[in-house]
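model10.cif follows (mmCIF, N, CA and C atoms):
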data_structure
loop_
_atom_site.label_atom_id
_atom_site.label_comp_id
_atom_site.auth_asym_id
_atom_site.auth_seq_id
_atom_site.Cartn_x
_atom_site.Cartn_y
_atom_site.Cartn_z
N MET A 661 -2.70 130.41 -141.85
CA MET A 661 -2.18 131.47 -142.70
C MET A 661 -3.09 132.69 -142.65
N ASN A 662 -4.40 132.44 -142.63
CA ASN A 662 -5.37 133.53 -142.59
C ASN A 662 -5.23 134.33 -141.29
N LEU A 663 -4.93 133.64 -140.19
CA LEU A 663 -4.76 134.31 -138.90
C LEU A 663 -3.55 135.24 -138.93
N ILE A 664 -2.47 134.81 -139.53
CA ILE A 664 -1.27 135.65 -139.61
C ILE A 664 -1.54 136.89 -140.44
N ILE A 665 -2.25 136.73 -141.53
CA ILE A 665 -2.59 137.88 -142.38
C ILE A 665 -3.49 138.85 -141.62
N ARG A 666 -4.45 138.32 -140.85
CA ARG A 666 -5.33 139.18 -140.05
C ARG A 666 -4.54 139.96 -139.00
N ILE A 667 -3.58 139.31 -138.36
CA ILE A 667 -2.75 139.98 -137.36
C ILE A 667 -1.93 141.08 -138.02
N LEU A 668 -1.35 140.78 -139.17
CA LEU A 668 -0.54 141.79 -139.86
C LEU A 668 -1.39 142.97 -140.35
N LEU A 669 -2.60 142.68 -140.83
CA LEU A 669 -3.49 143.77 -141.26
C LEU A 669 -3.93 144.62 -140.07
N THR A 670 -4.17 143.99 -138.94
CA THR A 670 -4.52 144.75 -137.73
C THR A 670 -3.34 145.60 -137.29
N ALA A 671 -2.13 145.07 -137.40
CA ALA A 671 -0.94 145.85 -137.06
C ALA A 671 -0.79 147.06 -137.98
N VAL A 672 -1.07 146.88 -139.25
CA VAL A 672 -1.03 148.01 -140.19
C VAL A 672 -2.07 149.05 -139.79
N ALA A 673 -3.26 148.59 -139.44
CA ALA A 673 -4.32 149.52 -139.03
C ALA A 673 -3.92 150.27 -137.77
N VAL A 674 -3.27 149.60 -136.82
CA VAL A 674 -2.82 150.25 -135.59
C VAL A 674 -1.78 151.32 -135.91
N VAL A 675 -0.85 151.03 -136.81
CA VAL A 675 0.18 152.01 -137.18
C VAL A 675 -0.45 153.21 -137.87
N VAL A 676 -1.38 152.96 -138.78
CA VAL A 676 -2.04 154.05 -139.50
C VAL A 676 -2.82 154.94 -138.54
N LEU A 677 -3.57 154.33 -137.63
CA LEU A 677 -4.35 155.13 -136.68
C LEU A 677 -3.46 155.85 -135.68
N ALA A 678 -2.35 155.25 -135.30
CA ALA A 678 -1.42 155.93 -134.40
C ALA A 678 -0.80 157.15 -135.10
N TYR A 679 -0.62 157.05 -136.40
CA TYR A 679 -0.09 158.18 -137.16
C TYR A 679 -1.14 159.29 -137.30
N LEU A 680 -2.40 158.92 -137.46
CA LEU A 680 -3.46 159.90 -137.71
C LEU A 680 -4.04 160.52 -136.44
N LEU A 681 -4.14 159.75 -135.37
CA LEU A 681 -4.80 160.24 -134.16
C LEU A 681 -3.80 160.79 -133.15
N PRO A 682 -4.05 162.00 -132.69
CA PRO A 682 -3.22 162.50 -131.60
C PRO A 682 -3.63 161.78 -130.31
N GLY A 683 -2.67 161.38 -129.52
CA GLY A 683 -2.98 160.68 -128.28
C GLY A 683 -2.82 159.18 -128.37
N VAL A 684 -2.52 158.66 -129.56
CA VAL A 684 -2.24 157.24 -129.72
C VAL A 684 -0.83 157.12 -130.28
N TYR A 685 0.01 156.39 -129.56
CA TYR A 685 1.40 156.25 -129.95
C TYR A 685 1.79 154.78 -129.96
N VAL A 686 2.50 154.38 -130.99
CA VAL A 686 3.05 153.03 -131.07
C VAL A 686 4.52 153.19 -131.49
N GLU A 687 5.41 152.47 -130.82
CA GLU A 687 6.85 152.67 -131.01
C GLU A 687 7.38 152.15 -132.34
N GLY A 688 6.75 151.19 -132.92
CA GLY A 688 7.24 150.65 -134.18
C GLY A 688 6.35 149.54 -134.68
N TYR A 689 6.79 148.91 -135.76
CA TYR A 689 5.99 147.85 -136.35
C TYR A 689 5.95 146.61 -135.48
N GLY A 690 7.03 146.33 -134.78
CA GLY A 690 7.06 145.19 -133.86
C GLY A 690 6.06 145.37 -132.74
N ALA A 691 6.01 146.58 -132.19
CA ALA A 691 5.04 146.87 -131.13
C ALA A 691 3.62 146.81 -131.68
N ALA A 692 3.44 147.21 -132.93
CA ALA A 692 2.10 147.15 -133.54
C ALA A 692 1.64 145.71 -133.70
N VAL A 693 2.55 144.81 -134.04
CA VAL A 693 2.20 143.39 -134.16
C VAL A 693 1.83 142.84 -132.78
N ILE A 694 2.58 143.24 -131.75
CA ILE A 694 2.27 142.81 -130.39
C ILE A 694 0.90 143.34 -129.97
N VAL A 695 0.61 144.59 -130.32
CA VAL A 695 -0.70 145.17 -130.02
C VAL A 695 -1.79 144.35 -130.70
N ALA A 696 -1.58 143.99 -131.96
CA ALA A 696 -2.58 143.21 -132.69
C ALA A 696 -2.82 141.85 -132.03
N VAL A 697 -1.75 141.20 -131.58
CA VAL A 697 -1.89 139.89 -130.93
C VAL A 697 -2.61 140.03 -129.59
N VAL A 698 -2.21 141.03 -128.80
CA VAL A 698 -2.84 141.24 -127.49
C VAL A 698 -4.30 141.62 -127.64
N LEU A 699 -4.62 142.47 -128.60
CA LEU A 699 -6.03 142.82 -128.84
C LEU A 699 -6.83 141.59 -129.26
N GLY A 700 -6.24 140.75 -130.08
CA GLY A 700 -6.92 139.52 -130.47
C GLY A 700 -7.18 138.60 -129.28
N LEU A 701 -6.19 138.47 -128.40
CA LEU A 701 -6.35 137.64 -127.21
C LEU A 701 -7.38 138.23 -126.25
N LEU A 702 -7.33 139.54 -126.04
CA LEU A 702 -8.31 140.19 -125.16
C LEU A 702 -9.72 140.08 -125.74
N ASP A 703 -9.83 140.22 -127.06
CA ASP A 703 -11.15 140.08 -127.69
C ASP A 703 -11.67 138.65 -127.57
N ALA A 704 -10.77 137.68 -127.57
CA ALA A 704 -11.20 136.29 -127.51
C ALA A 704 -11.57 135.84 -126.10
N PHE A 705 -10.87 136.36 -125.08
CA PHE A 705 -11.06 135.84 -123.74
C PHE A 705 -11.75 136.80 -122.77
N VAL A 706 -11.43 138.07 -122.83
CA VAL A 706 -11.97 139.03 -121.86
C VAL A 706 -13.28 139.64 -122.35
N LYS A 707 -13.35 139.97 -123.62
CA LYS A 707 -14.54 140.65 -124.14
C LYS A 707 -15.82 139.85 -123.96
N PRO A 708 -15.83 138.53 -124.23
CA PRO A 708 -17.10 137.80 -124.00
C PRO A 708 -17.57 137.86 -122.55
N LEU A 709 -16.65 137.84 -121.62
CA LEU A 709 -17.01 137.94 -120.21
C LEU A 709 -17.61 139.32 -119.91
N LEU A 710 -16.99 140.37 -120.44
CA LEU A 710 -17.52 141.71 -120.23
C LEU A 710 -18.89 141.89 -120.88
N VAL A 711 -19.08 141.29 -122.04
CA VAL A 711 -20.37 141.40 -122.73
C VAL A 711 -21.46 140.73 -121.90
N VAL A 712 -21.16 139.56 -121.35
CA VAL A 712 -22.16 138.85 -120.54
C VAL A 712 -22.47 139.63 -119.26
N LEU A 713 -21.43 140.17 -118.62
CA LEU A 713 -21.64 140.90 -117.37
C LEU A 713 -22.41 142.20 -117.57
N THR A 714 -22.28 142.81 -118.74
CA THR A 714 -22.94 144.09 -118.99
C THR A 714 -24.12 143.95 -119.95
N LEU A 715 -24.65 142.76 -120.07
CA LEU A 715 -25.74 142.52 -121.01
C LEU A 715 -26.96 143.41 -120.79
N PRO A 716 -27.41 143.64 -119.54
CA PRO A 716 -28.59 144.52 -119.38
C PRO A 716 -28.36 145.94 -119.91
N ILE A 717 -27.21 146.52 -119.60
CA ILE A 717 -26.97 147.89 -120.08
C ILE A 717 -26.75 147.90 -121.60
N THR A 718 -26.19 146.82 -122.13
CA THR A 718 -26.01 146.73 -123.58
C THR A 718 -27.36 146.67 -124.29
N VAL A 719 -28.30 145.95 -123.71
CA VAL A 719 -29.64 145.86 -124.30
C VAL A 719 -30.35 147.21 -124.21
N ILE A 720 -30.24 147.85 -123.05
CA ILE A 720 -30.91 149.15 -122.86
C ILE A 720 -30.37 150.19 -123.83
N THR A 721 -29.04 150.16 -124.09
CA THR A 721 -28.44 151.15 -125.00
C THR A 721 -28.44 150.69 -126.45
N LEU A 722 -29.16 149.61 -126.72
CA LEU A 722 -29.28 149.06 -128.07
C LEU A 722 -27.92 148.70 -128.68
N GLY A 723 -27.02 148.24 -127.85
CA GLY A 723 -25.72 147.77 -128.32
C GLY A 723 -24.62 148.80 -128.31
N PHE A 724 -24.94 150.05 -128.07
CA PHE A 724 -23.91 151.09 -128.09
C PHE A 724 -22.90 150.94 -126.96
N PHE A 725 -23.26 150.25 -125.89
CA PHE A 725 -22.32 150.04 -124.79
C PHE A 725 -21.16 149.15 -125.22
N LEU A 726 -21.33 148.40 -126.30
CA LEU A 726 -20.22 147.60 -126.82
C LEU A 726 -19.05 148.47 -127.24
N LEU A 727 -19.32 149.71 -127.65
CA LEU A 727 -18.24 150.64 -127.97
C LEU A 727 -17.42 150.95 -126.72
N VAL A 728 -18.08 151.07 -125.59
CA VAL A 728 -17.38 151.31 -124.32
C VAL A 728 -16.54 150.09 -123.96
N ILE A 729 -17.08 148.90 -124.17
CA ILE A 729 -16.31 147.69 -123.90
C ILE A 729 -15.08 147.62 -124.79
N ASN A 730 -15.22 147.99 -126.06
CA ASN A 730 -14.07 148.01 -126.96
C ASN A 730 -13.02 149.01 -126.49
N ALA A 731 -13.46 150.16 -126.01
CA ALA A 731 -12.52 151.16 -125.49
C ALA A 731 -11.80 150.62 -124.25
N LEU A 732 -12.51 149.91 -123.40
CA LEU A 732 -11.89 149.31 -122.22
C LEU A 732 -10.86 148.25 -122.62
N ILE A 733 -11.13 147.51 -123.67
CA ILE A 733 -10.17 146.52 -124.17
C ILE A 733 -8.91 147.23 -124.67
N ILE A 734 -9.07 148.36 -125.36
CA ILE A 734 -7.93 149.14 -125.82
C ILE A 734 -7.12 149.65 -124.63
N LEU A 735 -7.79 150.14 -123.60
CA LEU A 735 -7.09 150.63 -122.41
C LEU A 735 -6.39 149.49 -121.67
N MET A 736 -6.96 148.30 -121.69
CA MET A 736 -6.29 147.15 -121.09
C MET A 736 -5.01 146.81 -121.87
N ALA A 737 -5.09 146.86 -123.18
CA ALA A 737 -3.90 146.61 -124.00
C ALA A 737 -2.85 147.68 -123.74
N ASN A 738 -3.29 148.90 -123.49
CA ASN A 738 -2.38 150.00 -123.16
C ASN A 738 -1.59 149.68 -121.89
N LYS A 739 -2.23 149.06 -120.92
CA LYS A 739 -1.56 148.70 -119.67
C LYS A 739 -0.57 147.56 -119.84
N PHE A 740 -0.85 146.63 -120.75
CA PHE A 740 -0.02 145.45 -120.92
C PHE A 740 1.20 145.67 -121.81
N ILE A 741 1.12 146.62 -122.74
CA ILE A 741 2.17 146.78 -123.75
C ILE A 741 2.89 148.10 -123.52
N SER A 742 4.20 148.02 -123.35
CA SER A 742 4.96 149.24 -123.05
C SER A 742 5.18 150.12 -124.29
N GLY A 743 5.15 149.57 -125.48
CA GLY A 743 5.37 150.36 -126.68
C GLY A 743 4.11 150.94 -127.29
N PHE A 744 3.02 150.87 -126.57
CA PHE A 744 1.72 151.34 -127.07
C PHE A 744 1.10 152.23 -125.99
N THR A 745 0.72 153.45 -126.39
CA THR A 745 0.17 154.40 -125.43
C THR A 745 -1.10 155.03 -125.99
N VAL A 746 -2.13 155.05 -125.16
CA VAL A 746 -3.38 155.74 -125.47
C VAL A 746 -3.61 156.73 -124.34
N ASP A 747 -3.85 158.00 -124.67
CA ASP A 747 -3.88 159.06 -123.67
C ASP A 747 -5.13 159.13 -122.80
N GLY A 748 -6.20 158.48 -123.17
CA GLY A 748 -7.39 158.56 -122.32
C GLY A 748 -8.54 157.76 -122.89
N PHE A 749 -9.65 157.79 -122.14
CA PHE A 749 -10.81 157.00 -122.52
C PHE A 749 -11.40 157.44 -123.86
N TRP A 750 -11.55 158.76 -124.06
CA TRP A 750 -12.20 159.23 -125.28
C TRP A 750 -11.36 158.95 -126.52
N ILE A 751 -10.05 159.03 -126.38
CA ILE A 751 -9.17 158.67 -127.49
C ILE A 751 -9.26 157.17 -127.74
N ALA A 752 -9.33 156.37 -126.66
CA ALA A 752 -9.48 154.92 -126.82
C ALA A 752 -10.81 154.58 -127.50
N LEU A 753 -11.86 155.32 -127.16
CA LEU A 753 -13.16 155.09 -127.79
C LEU A 753 -13.09 155.40 -129.28
N LEU A 754 -12.50 156.53 -129.64
CA LEU A 754 -12.35 156.90 -131.05
C LEU A 754 -11.44 155.91 -131.77
N PHE A 755 -10.34 155.52 -131.13
CA PHE A 755 -9.41 154.56 -131.71
C PHE A 755 -10.09 153.22 -131.96
N SER A 756 -10.86 152.74 -131.00
CA SER A 756 -11.51 151.44 -131.17
C SER A 756 -12.57 151.49 -132.27
N PHE A 757 -13.29 152.61 -132.35
CA PHE A 757 -14.30 152.77 -133.39
C PHE A 757 -13.64 152.78 -134.78
N LEU A 758 -12.58 153.58 -134.94
CA LEU A 758 -11.91 153.66 -136.22
C LEU A 758 -11.17 152.36 -136.56
N LEU A 759 -10.63 151.69 -135.54
CA LEU A 759 -9.96 150.41 -135.77
C LEU A 759 -10.96 149.37 -136.28
N SER A 760 -12.15 149.36 -135.73
CA SER A 760 -13.18 148.43 -136.19
C SER A 760 -13.55 148.68 -137.65
N ILE A 761 -13.69 149.94 -138.00
CA ILE A 761 -14.02 150.29 -139.39
C ILE A 761 -12.88 149.90 -140.33
N LEU A 762 -11.66 150.24 -139.94
CA LEU A 762 -10.50 149.94 -140.78
C LEU A 762 -10.29 148.43 -140.91
N GLN A 763 -10.50 147.68 -139.83
CA GLN A 763 -10.39 146.24 -139.90
C GLN A 763 -11.45 145.66 -140.83
N SER A 764 -12.65 146.18 -140.78
CA SER A 764 -13.72 145.70 -141.68
C SER A 764 -13.32 145.89 -143.13
N ILE A 765 -12.74 147.03 -143.43
CA ILE A 765 -12.32 147.32 -144.80
C ILE A 765 -11.17 146.39 -145.21
N LEU A 766 -10.17 146.27 -144.33
CA LEU A 766 -9.00 145.45 -144.66
C LEU A 766 -9.35 143.96 -144.71
N PHE A 767 -10.20 143.50 -143.81
CA PHE A 767 -10.55 142.08 -143.79
C PHE A 767 -11.47 141.69 -144.94
N SER A 768 -12.15 142.66 -145.54
CA SER A 768 -12.99 142.34 -146.69
C SER A 768 -12.15 141.82 -147.86
N VAL A 769 -10.86 142.14 -147.85
CA VAL A 769 -9.95 141.64 -148.86
C VAL A 769 -9.76 140.12 -148.71
N LEU A 770 -9.89 139.63 -147.47
CA LEU A 770 -9.64 138.22 -147.19
C LEU A 770 -10.81 137.30 -147.49
N LYS A 771 -11.97 137.86 -147.79
CA LYS A 771 -13.14 137.01 -148.04
C LYS A 771 -12.88 136.13 -149.26
N ASP A 772 -13.22 134.87 -149.07
CA ASP A 772 -13.07 133.93 -150.18
C ASP A 772 -14.30 133.96 -151.05
N ASP A 773 -14.09 133.96 -152.36
CA ASP A 773 -15.22 133.88 -153.30
C ASP A 773 -15.69 132.45 -153.37
N VAL A 774 -17.00 132.25 -153.24
CA VAL A 774 -17.57 130.92 -153.25
C VAL A 774 -17.67 130.39 -154.67
N ASN A 775 -17.77 131.27 -155.65
CA ASN A 775 -17.95 130.85 -157.05
C ASN A 775 -16.80 130.04 -157.54
#

Take the structure in the file and write it out as structure tokens.
Amino acid sequence: MNLIIRILLTAVAVVVLAYLLPGVYVEGYGAAVIVAVVLGLLDAFVKPLLVVLTLPITVITLGFFLLVINALIILMANKFISGFTVDGFWIALLFSFLLSILQSILFSVLKDDVN
């Protein structure tokens, strides 16, 4: 159940950012849910491989290269999903940065209280 809520919250974040950012387009809520699922799959399977392959440059840049990896993941999702369009690398970088922040805010709602 928690996974479904996370996917739906990510879809909401994608729709909000597509509305706010020029250069990011999503055709509808269904496409946004597909984007959320594809981003989750790419983050689970492709991102760890990219992180390992680029570990030296990530260490040298003190982790800032992870933002580039996130932008590449967004551009990969752009290629896989026909209802989702990102106009370029810099927009993908800004989109991934803002998506991470928005997801952090939205996912904080899901934290369970231990008390």

Could you list, as a PyMOL selection string, every residue matched by the PyMOL selection byres (((chain A and resi 727-730 and name CA) around 12) and name CA) in this structure? chain A and resi 699-700+702-703+706-715+717-718+721-726+731-737+749-760

Give me, please, the distance in Å between atom N of Thr745 in chain A and atom C of Leu766 in chain A, quoted to one decimal.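 According to the coordinates, atom N of Thr745 in chain A and atom C of Leu766 in chain A are separated by 23.0 Å.
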
Could you list, as a list in words, every residue matched by the PyMOL selection byres ((chain A and resi 670-676) around 6.5) in this structure?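 With the PyMOL selection byres ((chain A and resi 670-676) around 6.5) on this model, the match is Ile665, Arg666, Ile667, Leu668, Leu669, Leu677, Ala678, Tyr679, Leu680, Leu681, Ala692, Val693, Ala696, Leu759, Leu762 and Gln763 of chain A.
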
Quick one, how far is atom N of Pro682 in chain A from atom C of Val695 in chain A? 17.9 Å

DSSP on the backbone: what in chain A comes out alpha helix (DSSP H), as a PyMOL selection string? chain A and resi 662-680+689-705+707-713+715-720+725-740+749-767

Chain and number of each residue from the PyMOL selection byres (((chain A and resi 686-688 and name CA) around 6) and name CA), as a list in words: Tyr685, Tyr689, Gly690, Ala691, Gly743 and Phe744 of chain A

Rounded to one decimal place, report the atom N of Val684 in chain A-atom C of Leu663 in chain A distance in Å.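 Going from atom N of Val684 in chain A over to atom C of Leu663 in chain A covers 25.2 Å.
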
May I have all residues of chain A that DSSP, computed from the backbone, assigns to strand (DSSP E), given as a PyMOL selection string? chain A and resi 684-686+744-746

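Nearest residue to Gly748 in chain A, choosing from A:Ile664, A:Ile720, A:Gly683, A:Ala704 and counting all atoms listed in the file: A:Gly683.
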
Just need the box for range 683-692 of chain A, edges along x, y and z, holding every atom the file lists for it with 5 Å tacked onto each side, so centre and edge lengths in Å to one decimal, as AutoDock Vina command-line options.
--center_x 2.2 --center_y 153.3 --center_z -132.3 --size_x 20.4 --size_y 26.2 --size_z 18.1
